[in-house]
file work29.csv (CSV, C-alpha atoms)
chain,number,residue,atom,x,y,z
A,1,MET,CA,0.3,27.4,14.6
A,2,ALA,CA,-0.7,28.0,11.0
A,3,ASN,CA,0.8,29.3,7.8
A,4,THR,CA,-0.7,29.7,4.3
A,5,GLY,CA,0.9,26.4,3.4
A,6,TRP,CA,0.9,24.4,6.6
A,7,THR,CA,-0.8,23.8,10.0
A,8,LEU,CA,0.8,22.6,13.2
A,9,THR,CA,-1.4,21.1,16.0
A,10,GLU,CA,-0.1,20.0,19.4
A,11,ASN,CA,-1.4,16.8,21.2
A,12,ALA,CA,-3.3,15.6,18.2
A,13,SER,CA,-5.4,12.4,18.0
A,14,LEU,CA,-4.5,10.0,15.2
A,15,LEU,CA,-7.8,8.1,15.4
A,16,ALA,CA,-9.0,9.6,12.1
A,17,LEU,CA,-5.6,9.2,10.5
A,18,ASN,CA,-5.3,5.4,10.5
A,19,THR,CA,-7.7,2.9,8.8
A,20,PHE,CA,-7.4,0.4,11.7
A,21,HIS,CA,-9.1,3.1,13.8
A,22,VAL,CA,-6.9,2.5,16.8
A,23,GLN,CA,-6.5,5.3,19.3
A,24,ALA,CA,-3.1,6.9,19.4
A,25,GLN,CA,-1.8,10.4,20.1
A,26,ALA,CA,0.9,12.5,18.3
A,27,ALA,CA,2.9,15.1,20.2
A,28,GLN,CA,2.4,17.3,17.1
A,29,LEU,CA,0.5,17.0,13.8
A,30,LEU,CA,2.0,18.9,10.8
A,31,GLU,CA,-0.3,19.2,7.8
A,32,ILE,CA,1.2,20.4,4.5
A,33,GLN,CA,-1.2,22.1,2.1
A,34,ASP,CA,1.5,23.5,-0.2
A,35,SER,CA,4.5,21.3,-0.7
A,36,ALA,CA,6.6,24.3,-1.6
A,37,THR,CA,6.4,25.3,2.1
A,38,LEU,CA,7.7,22.0,3.3
A,39,PRO,CA,11.3,23.0,3.9
A,40,ASP,CA,10.2,26.0,6.0
A,41,ALA,CA,7.8,23.9,8.0
A,42,LEU,CA,10.5,21.3,8.7
A,43,ALA,CA,12.8,24.1,10.0
A,44,LEU,CA,10.4,25.0,12.7
A,45,PRO,CA,12.2,24.4,16.0
A,46,ALA,CA,9.4,22.3,17.4
A,47,VAL,CA,9.6,20.1,14.3
A,48,ALA,CA,13.3,20.0,13.7
A,49,GLU,CA,14.2,19.0,17.2
A,50,GLY,CA,12.3,15.7,17.3
A,51,PRO,CA,11.5,12.6,15.3
A,52,LEU,CA,9.2,12.8,12.2
A,53,LEU,CA,6.7,10.2,11.0
A,54,VAL,CA,4.9,10.6,7.7
A,55,LEU,CA,1.3,9.3,7.4
A,56,GLY,CA,-0.8,9.2,4.3
A,57,SER,CA,-4.3,8.2,5.1
A,58,GLY,CA,-2.8,5.6,7.6
A,59,SER,CA,-4.0,2.8,5.4
A,60,ASN,CA,-0.7,0.8,5.5
A,61,VAL,CA,0.4,1.3,9.1
A,62,LEU,CA,-0.4,-0.2,12.5
A,63,LEU,CA,0.0,2.3,15.4
A,64,ALA,CA,1.1,0.1,18.3
A,65,ASP,CA,1.8,3.0,20.6
A,66,ASP,CA,1.6,6.8,20.8
A,67,VAL,CA,3.9,8.7,18.5
A,68,GLU,CA,6.7,10.9,19.8
A,69,GLY,CA,7.6,14.0,17.9
A,70,THR,CA,5.8,15.1,14.7
A,71,VAL,CA,3.4,13.3,12.5
A,72,LEU,CA,3.5,14.8,9.0
A,73,VAL,CA,0.5,14.6,6.7
A,74,PHE,CA,0.4,15.8,3.1
A,75,ALA,CA,-2.8,17.5,2.2
A,76,ASN,CA,-1.7,18.9,-1.1
A,77,GLN,CA,-4.0,18.2,-4.1
A,78,GLY,CA,-3.9,18.3,-7.9
A,79,ILE,CA,-3.8,16.0,-10.9
A,80,ASP,CA,-2.2,17.3,-14.1
A,81,ILE,CA,-1.2,16.1,-17.5
A,82,LEU,CA,2.5,16.8,-18.1
A,83,GLU,CA,2.9,15.2,-21.6
A,84,HIS,CA,0.7,13.7,-24.3
A,85,ARG,CA,2.2,11.1,-26.7
A,86,ALA,CA,0.8,8.9,-29.3
A,87,ASP,CA,0.8,5.8,-27.1
A,88,TYR,CA,1.0,7.2,-23.5
A,89,THR,CA,0.4,10.2,-21.3
A,90,VAL,CA,2.5,11.4,-18.3
A,91,VAL,CA,0.4,12.3,-15.3
A,92,HIS,CA,1.6,14.4,-12.3
A,93,ALA,CA,-0.3,13.7,-9.1
A,94,ALA,CA,0.2,15.4,-5.7
A,95,ALA,CA,1.0,13.3,-2.7
A,96,GLY,CA,-2.2,14.1,-0.9
A,97,VAL,CA,-4.5,12.9,-3.7
A,98,ASN,CA,-6.6,9.9,-2.8
A,99,TRP,CA,-5.3,6.9,-4.7
A,100,HIS,CA,-8.6,5.5,-5.9
A,101,LYS,CA,-9.6,9.0,-7.0
A,102,LEU,CA,-6.5,9.0,-9.3
A,103,VAL,CA,-7.4,5.6,-10.7
A,104,LEU,CA,-10.9,6.8,-11.6
A,105,TRP,CA,-9.5,10.0,-13.0
A,106,SER,CA,-7.1,8.1,-15.3
A,107,LEU,CA,-9.9,5.9,-16.6
A,108,GLN,CA,-12.1,8.9,-17.2
A,109,HIS,CA,-9.3,10.4,-19.4
A,110,GLY,CA,-9.0,7.2,-21.5
A,111,LEU,CA,-5.8,6.0,-19.8
A,112,SER,CA,-5.1,2.4,-18.7
A,113,GLY,CA,-2.7,0.5,-16.5
A,114,LEU,CA,-4.1,1.3,-13.0
A,115,GLU,CA,-7.4,-0.5,-13.4
A,116,ASN,CA,-6.2,-3.5,-11.4
A,117,LEU,CA,-5.2,-1.2,-8.5
A,118,SER,CA,-8.8,0.2,-8.1
A,119,LEU,CA,-10.2,0.7,-4.6
A,120,ILE,CA,-6.8,0.4,-2.8
A,121,PRO,CA,-7.1,2.7,0.2
A,122,GLY,CA,-4.4,5.4,0.8
A,123,THR,CA,-2.8,8.3,-0.9
A,124,VAL,CA,-0.7,8.8,-4.0
A,125,GLY,CA,2.3,9.8,-1.9
A,126,ALA,CA,2.2,6.5,-0.1
A,127,SER,CA,1.8,4.3,-3.2
A,128,PRO,CA,5.5,4.1,-4.2
A,129,ILE,CA,6.7,3.3,-0.7
A,130,GLN,CA,5.2,-0.1,-0.5
A,131,ASN,CA,5.0,-0.4,-4.3
A,132,ILE,CA,1.4,-1.1,-3.9
A,133,GLY,CA,0.0,-4.0,-5.9
A,134,ALA,CA,-3.1,-6.1,-6.5
A,135,TYR,CA,-4.4,-8.6,-9.0
A,136,GLY,CA,-1.0,-9.1,-10.7
A,137,VAL,CA,-0.1,-5.4,-11.1
A,138,GLN,CA,2.3,-3.2,-9.2
A,139,VAL,CA,2.3,0.6,-9.3
A,140,GLY,CA,6.1,0.6,-9.9
A,141,GLU,CA,5.4,-0.6,-13.4
A,142,PHE,CA,3.9,2.8,-14.3
A,143,ILE,CA,5.8,5.3,-12.1
A,144,GLN,CA,8.1,7.4,-14.3
A,145,ALA,CA,9.5,9.5,-11.4
A,146,VAL,CA,8.9,10.5,-7.8
A,147,GLU,CA,9.4,14.0,-6.5
A,148,ALA,CA,10.6,14.3,-2.9
A,149,TRP,CA,12.4,16.3,-0.3
A,150,ASP,CA,15.7,14.6,0.6
A,151,ARG,CA,16.2,15.1,4.3
A,152,GLN,CA,19.7,13.8,4.1
A,153,THR,CA,20.9,16.4,1.7
A,154,GLY,CA,18.3,19.1,2.3
A,155,GLU,CA,17.4,19.3,-1.4
A,156,TRP,CA,14.5,18.6,-3.7
A,157,VAL,CA,15.1,15.5,-5.8
A,158,ARG,CA,13.4,13.7,-8.7
A,159,LEU,CA,14.0,10.0,-8.6
A,160,ASP,CA,13.4,8.1,-11.8
A,161,ASN,CA,12.0,4.6,-11.9
A,162,GLU,CA,15.3,2.9,-11.6
A,163,GLN,CA,16.4,5.0,-8.7
A,164,CYS,CA,13.2,4.1,-6.9
A,165,ALA,CA,14.5,0.5,-6.7
A,166,PHE,CA,11.0,-1.1,-6.9
A,167,GLY,CA,10.6,-4.7,-5.8
A,168,TYR,CA,7.8,-6.8,-4.4
A,169,ARG,CA,6.2,-4.5,-1.7
A,170,ASP,CA,9.5,-2.7,-1.6
A,171,SER,CA,11.3,0.5,-2.7
A,172,VAL,CA,14.2,2.8,-1.8
A,173,PHE,CA,11.6,4.8,0.2
A,174,LYS,CA,10.8,1.7,2.3
A,175,GLN,CA,14.5,0.8,2.6
A,176,GLN,CA,15.4,4.3,3.8
A,177,PRO,CA,12.2,5.3,5.6
A,178,ASP,CA,13.5,8.5,7.2
A,179,ARG,CA,15.2,10.0,4.2
A,180,TYR,CA,12.7,11.0,1.5
A,181,LEU,CA,9.4,12.9,1.9
A,182,ILE,CA,7.4,12.2,-1.2
A,183,THR,CA,5.5,15.3,-2.5
A,184,ALA,CA,4.3,14.1,-5.9
A,185,VAL,CA,4.4,11.1,-8.3
A,186,GLU,CA,4.7,11.1,-12.1
A,187,LEU,CA,3.0,8.2,-13.9
A,188,ARG,CA,3.4,7.1,-17.5
A,189,LEU,CA,0.1,5.6,-18.4
A,190,PRO,CA,-0.6,3.9,-21.8
A,191,LEU,CA,-3.5,4.7,-24.0
A,192,LEU,CA,-3.7,1.1,-25.1
A,193,HIS,CA,-2.7,-1.6,-22.6
A,194,GLU,CA,-2.8,-5.4,-22.5
A,195,LEU,CA,-5.4,-6.0,-19.8
A,196,ARG,CA,-4.4,-8.5,-17.1
A,197,MET,CA,-7.4,-10.6,-16.3
A,198,ASP,CA,-5.8,-14.0,-15.3
A,199,TYR,CA,-5.5,-13.2,-11.6
A,200,ALA,CA,-7.8,-13.9,-8.7
A,201,GLY,CA,-11.1,-14.4,-10.5
A,202,ILE,CA,-11.1,-11.2,-12.7
A,203,ALA,CA,-12.1,-13.2,-15.8
A,204,ASP,CA,-14.8,-15.0,-13.9
A,205,GLU,CA,-16.2,-11.7,-12.6
A,206,LEU,CA,-16.3,-10.2,-16.1
A,207,GLN,CA,-18.1,-13.3,-17.3
A,208,ALA,CA,-20.6,-13.0,-14.5
A,209,GLN,CA,-21.2,-9.4,-15.4
A,210,GLY,CA,-21.8,-10.4,-19.1
A,211,VAL,CA,-18.8,-8.5,-20.4
A,212,GLU,CA,-17.4,-10.2,-23.5
A,213,THR,CA,-15.0,-7.6,-24.8
A,214,PRO,CA,-13.7,-5.9,-21.7
A,215,SER,CA,-12.1,-2.5,-21.5
A,216,ALA,CA,-9.9,-1.1,-18.7
A,217,VAL,CA,-13.1,0.4,-17.1
A,218,ASP,CA,-14.7,-3.1,-17.2
A,219,VAL,CA,-11.6,-4.6,-15.4
A,220,ALA,CA,-11.7,-1.8,-12.8
A,221,ASN,CA,-15.4,-2.5,-12.2
A,222,ALA,CA,-14.6,-6.2,-11.8
A,223,VAL,CA,-11.8,-5.5,-9.4
A,224,ILE,CA,-14.0,-3.1,-7.4
A,225,ALA,CA,-16.8,-5.8,-7.2
A,226,ILE,CA,-14.3,-8.5,-6.0
A,227,ARG,CA,-12.6,-6.2,-3.5
A,228,SER,CA,-15.9,-5.0,-2.1
A,229,ARG,CA,-17.0,-8.6,-1.5
A,230,LYS,CA,-13.7,-9.9,-0.1
A,231,LEU,CA,-12.3,-6.9,1.9
A,232,PRO,CA,-14.2,-5.1,4.6
A,233,ASP,CA,-14.8,-1.3,4.2
A,234,PRO,CA,-12.3,0.4,6.6
A,235,GLU,CA,-15.0,3.0,7.3
A,236,VAL,CA,-17.2,0.2,8.6
A,237,LEU,CA,-14.7,-2.2,10.1
A,238,GLY,CA,-11.2,-1.0,10.9
A,239,ASN,CA,-8.5,-2.7,8.8
A,240,ALA,CA,-5.4,-2.0,6.7
A,241,GLY,CA,-6.2,-4.4,3.8
A,242,SER,CA,-3.9,-7.4,3.5
A,243,PHE,CA,-1.8,-7.6,6.6
A,244,PHE,CA,0.7,-10.2,5.5
A,245,LYS,CA,2.8,-10.4,2.4
A,246,ASN,CA,2.7,-13.5,0.2
A,247,PRO,CA,6.0,-15.3,0.9
A,248,VAL,CA,8.5,-15.6,-2.0
A,249,LEU,CA,10.2,-18.9,-1.9
A,250,GLY,CA,12.7,-21.0,-3.9
A,251,VAL,CA,11.2,-23.4,-6.4
A,252,ASP,CA,12.7,-26.4,-4.5
A,253,GLN,CA,11.0,-25.3,-1.2
A,254,VAL,CA,7.7,-24.8,-3.0
A,255,GLU,CA,7.9,-28.3,-4.5
A,256,VAL,CA,8.5,-29.8,-1.0
A,257,LEU,CA,5.5,-27.8,0.3
A,258,LEU,CA,3.2,-29.0,-2.5
A,259,GLN,CA,4.0,-32.6,-1.6
A,260,SER,CA,2.3,-32.1,1.8
A,261,PHE,CA,-0.2,-29.4,0.7
A,262,PRO,CA,-1.1,-29.9,-3.0
A,263,ALA,CA,-3.9,-27.3,-2.9
A,264,LEU,CA,-1.5,-24.5,-1.9
A,265,PRO,CA,-1.9,-21.7,-4.5
A,266,VAL,CA,1.4,-20.8,-6.2
A,267,TYR,CA,2.1,-17.8,-8.3
A,268,PRO,CA,5.0,-16.6,-10.5
A,269,ALA,CA,7.6,-14.3,-8.8
A,270,GLU,CA,9.9,-11.7,-10.2
A,271,ARG,CA,12.9,-14.2,-10.3
A,272,GLU,CA,12.6,-17.3,-12.4
A,273,GLU,CA,14.0,-19.5,-9.6
A,274,GLN,CA,11.3,-18.3,-7.2
A,275,ARG,CA,7.6,-18.6,-6.6
A,276,LYS,CA,5.0,-16.7,-4.6
A,277,VAL,CA,2.7,-18.8,-2.3
A,278,SER,CA,-0.6,-17.7,-0.8
A,279,ALA,CA,-0.3,-16.4,2.7
A,280,ALA,CA,-4.1,-16.3,2.9
A,281,TRP,CA,-4.5,-20.0,2.1
A,282,MET,CA,-1.9,-20.9,4.8
A,283,ILE,CA,-3.6,-18.7,7.4
A,284,GLU,CA,-7.0,-20.1,6.6
A,285,HIS,CA,-5.6,-23.7,6.7
A,286,CYS,CA,-4.4,-22.9,10.2
A,287,GLY,CA,-8.0,-22.0,11.2
A,288,TRP,CA,-7.6,-18.2,11.7
A,289,LYS,CA,-10.2,-17.0,9.2
A,290,GLY,CA,-13.0,-15.2,11.1
A,291,PHE,CA,-11.1,-15.6,14.4
A,292,ARG,CA,-11.8,-13.0,17.1
A,293,ASP,CA,-10.2,-12.2,20.4
A,294,GLY,CA,-11.9,-9.3,22.1
A,295,ASP,CA,-12.1,-6.6,19.4
A,296,ALA,CA,-9.0,-7.9,17.5
A,297,GLY,CA,-9.8,-10.3,14.8
A,298,VAL,CA,-9.4,-11.7,11.3
A,299,ALA,CA,-12.0,-10.9,8.7
A,300,PRO,CA,-14.6,-13.6,8.0
A,301,SER,CA,-14.3,-12.8,4.3
A,302,HIS,CA,-10.5,-12.9,3.9
A,303,ALA,CA,-7.9,-14.5,6.0
A,304,LEU,CA,-5.2,-11.9,5.1
A,305,VAL,CA,-7.1,-9.1,6.7
A,306,LEU,CA,-6.8,-8.2,10.4
A,307,VAL,CA,-9.7,-6.2,11.7
A,308,ASN,CA,-10.6,-4.0,14.6
A,309,HIS,CA,-14.2,-4.8,15.7
A,310,GLY,CA,-14.4,-1.6,17.8
A,311,SER,CA,-11.8,-0.7,20.5
A,312,ALA,CA,-8.9,-3.0,19.9
A,313,SER,CA,-5.5,-1.3,20.5
A,314,GLY,CA,-2.7,-1.4,18.1
A,315,ALA,CA,-0.8,-3.6,20.6
A,316,GLU,CA,-3.6,-6.1,20.7
A,317,LEU,CA,-3.8,-6.3,16.9
A,318,LEU,CA,0.0,-6.8,16.7
A,319,ALA,CA,-0.2,-9.6,19.3
A,320,LEU,CA,-2.8,-11.4,17.2
A,321,ALA,CA,-0.6,-11.0,14.1
A,322,ARG,CA,2.3,-12.6,15.9
A,323,ARG,CA,0.2,-15.5,16.9
A,324,ILE,CA,-0.9,-16.1,13.3
A,325,SER,CA,2.6,-15.9,12.0
A,326,ALA,CA,3.9,-18.4,14.6
A,327,SER,CA,1.1,-20.8,13.7
A,328,VAL,CA,1.9,-20.6,10.0
A,329,LEU,CA,5.6,-21.1,10.7
A,330,GLU,CA,4.9,-24.2,12.9
A,331,THR,CA,2.6,-25.7,10.3
A,332,PHE,CA,4.4,-24.9,7.0
A,333,ALA,CA,7.9,-23.9,8.1
A,334,VAL,CA,7.3,-20.7,6.2
A,335,ALA,CA,7.8,-17.2,7.7
A,336,ILE,CA,5.1,-14.6,6.9
A,337,GLU,CA,5.8,-10.9,7.4
A,338,PRO,CA,3.5,-7.9,7.9
A,339,GLU,CA,2.8,-5.7,4.9
A,340,PRO,CA,1.9,-2.5,6.9
A,341,ARG,CA,4.5,-0.5,8.6
A,342,LEU,CA,4.6,-1.0,12.4
A,343,ILE,CA,4.8,2.2,14.4
A,344,GLY,CA,6.0,1.9,18.0
A,345,ALA,CA,6.9,-1.7,17.9
A,346,GLN,CA,9.2,-4.2,16.2
A,347,TRP,CA,8.1,-7.3,14.4

call {"tool": "encode", "arguments": {"input": "work29.csv", "output": "structure tokens"}}
result
Amino acid sequence: MANTGWTLTENASLLALNTFHVQAQAAQLLEIQDSATLPDALALPAVAEGPLLVLGSGSNVLLADDVEGTVLVFANQGIDILEHRADYTVVHAAAGVNWHKLVLWSLQHGLSGLENLSLIPGTVGASPIQNIGAYGVQVGEFIQAVEAWDRQTGEWVRLDNEQCAFGYRDSVFKQQPDRYLITAVELRLPLLHELRMDYAGIADELQAQGVETPSAVDVANAVIAIRSRKLPDPEVLGNAGSFFKNPVLGVDQVEVLLQSFPALPVYPAEREEQRKVSAAWMIEHCGWKGFRDGDAGVAPSHALVLVNHGSASGAELLALARRISASVLETFAVAIEPEPRLIGAQW
């Protein structure tokens, strides 16, 4: 079935719609080209009568099984400037826009803020759900509002930053995963911005590149270089980026850990009485970096990244993740949790 604003396909493969490249089927695939037609598409009997799963580019999910009901994909495009001010610009980006494309667009237009989030796979519409973050920056810092269809009330809504309830890898969209269908994001991007270069080797990379007075573009290039070295390209080796969150612990617990593991990297957290500790370091310490069981494995270049070497199933990747988590818990008495959304299974 097709309409000028949407397309509905039965018995659709999701192989090209998840960056782990695991095989899974959807009973139906609904692609939205024009977000204005979303309510009408959702009202189709075949869609309205069953469950609904939203996928961006599938860069933050693990499909552990086939998907019943309808998989919804936003294919709407467009980046526009809503407002120019002396010190910032408000940018409106459609949900279907590639995230890295938006970052490059913002830099080309003299805007800053998103440079540390370069090369993160996925779409604009998916970015608020997990409050994507990298190298000391989270997207929630720059989101002014999110436009969405509220399935609970059957109305269009515009949630401001506070209503989005952003936290570390968290948001109202993650807390209520079946309620909001994000169609666009508004970002308030500064023209001048204090660059963040004190995280995960950015300053060292800039120095290696011979950059003495870095700009936002220079920081983006440094981040791209670091990520390209550390993280496998999903087009070459299936993965969803960092699979585990960095645990946030109380200061007292961190001090106890450091007595036994003084080399454990520790970072500031949002709350003064808490600290973030490195999940990658703990996983590597337990010997998992580069591990492989069949086609399910851990990247040799980064212990946080689970990879599909070819034909691993989602269930096999999930089983490996559980083994890694149990190992870290046994060694450090610290629970680590997955960052991607698990489809068809519970953690």

call {"tool": "closest_residue", "arguments": {"input": "work29.csv", "among": "A:Thr153, A:Thr183, A:Gln163, A:Ser127", "to": "Ala95 in chain A", "atoms": "only C-alpha atoms"}}
result
A:Thr183

call {"tool": "residues_around", "arguments": {"input": "work29.csv", "residues": "Ala296 in chain A", "least_positions_apart": "6", "cutoff": "12 Å", "atoms": "all atoms listed in the file", "output": "PyMOL selection string"}}
result
chain A and resi 20-22+237-239+288+290+305-321+323

call {"tool": "residues_around", "arguments": {"input": "work29.csv", "residues": "Gly56 in chain A", "least_positions_apart": "3", "cutoff": "7 Å", "atoms": "only C-alpha atoms", "output": "JSON, numbers by chain"}}
result
{"A": [73, 74, 122, 123, 125, 126]}

call {"tool": "residues_around", "arguments": {"input": "work29.csv", "residues": "His109 in chain A", "least_positions_apart": "5", "cutoff": "12 Å", "atoms": "all atoms listed in the file", "output": "MDAnalysis selection string"}}
result
chainID A and resid 79:81 84 88:91 102:104 189:191 216:217

call {"tool": "residues_around", "arguments": {"input": "work29.csv", "residues": "Asp198 in chain A", "least_positions_apart": "5", "cutoff": "9 Å", "atoms": "only C-alpha atoms", "output": "list in words"}}
result
Tyr135, Gly136 and Ala203 of chain A

call {"tool": "residues_around", "arguments": {"input": "work29.csv", "residues": "Met1 in chain A", "least_positions_apart": "3", "cutoff": "10 Å", "atoms": "only C-alpha atoms", "output": "short mmCIF file (atom, residue, chain, number, x, y, z; two decimals) with C-alpha atoms, in the frame of the given file"}}
result
data_model
loop_
_atom_site.label_atom_id
_atom_site.label_comp_id
_atom_site.auth_asym_id
_atom_site.auth_seq_id
_atom_site.Cartn_x
_atom_site.Cartn_y
_atom_site.Cartn_z
CA TRP A 6 0.90 24.40 6.60
CA THR A 7 -0.80 23.80 10.00
CA LEU A 8 0.80 22.60 13.20
CA THR A 9 -1.40 21.10 16.00
CA GLU A 10 -0.10 20.00 19.40
CA LEU A 30 2.00 18.90 10.80
#

call {"tool": "closest_residue", "arguments": {"input": "work29.csv", "among": "A:Ser260, A:Ser327, A:Ser242, A:Ser301", "to": "Ile283 in chain A", "atoms": "all atoms listed in the file"}}
result
A:Ser327

call {"tool": "closest_residue", "arguments": {"input": "work29.csv", "among": "A:Leu55, A:Ala12, A:Leu62, A:Ile32", "to": "Gly344 in chain A", "atoms": "only C-alpha atoms"}}
result
A:Leu62

call {"tool": "closest_residue", "arguments": {"input": "work29.csv", "among": "A:Asp170, A:Glu141, A:Asp66, A:Glu284", "to": "Gln28 in chain A", "atoms": "only C-alpha atoms"}}
result
A:Asp66

call {"tool": "atom_distance", "arguments": {"input": "work29.csv", "atom1": "CA of Asn221 in chain A", "atom2": "CA of Ile143 in chain A"}}
result
22.6 Å

call {"tool": "atom_distance", "arguments": {"input": "work29.csv", "atom1": "CA of Glu68 in chain A", "atom2": "CA of Gly241 in chain A"}}
result
25.6 Å

call {"tool": "atom_distance", "arguments": {"input": "work29.csv", "atom1": "CA of Ala24 in chain A", "atom2": "CA of Arg322 in chain A"}}
result
20.5 Å

call {"tool": "closest_residue", "arguments": {"input": "work29.csv", "among": "A:Met282, A:Leu72, A:Val248, A:Leu14", "to": "Tyr267 in chain A", "atoms": "only C-alpha atoms"}}
result
A:Val248

call {"tool": "closest_residue", "arguments": {"input": "work29.csv", "among": "A:Tyr199, A:Trp156, A:Trp105, A:Phe166", "to": "Gln130 in chain A", "atoms": "all atoms listed in the file"}}
result
A:Phe166

call {"tool": "axis_aligned_box", "arguments": {"input": "work29.csv", "around": "range 158-165 of chain A", "padding_each_side": "5 Å", "output": "lines of an AutoDock Vina configuration file"}}
result
center_x = 14.2
center_y = 7.1
center_z = -9.3
size_x = 14.4
size_y = 23.2
size_z = 15.2
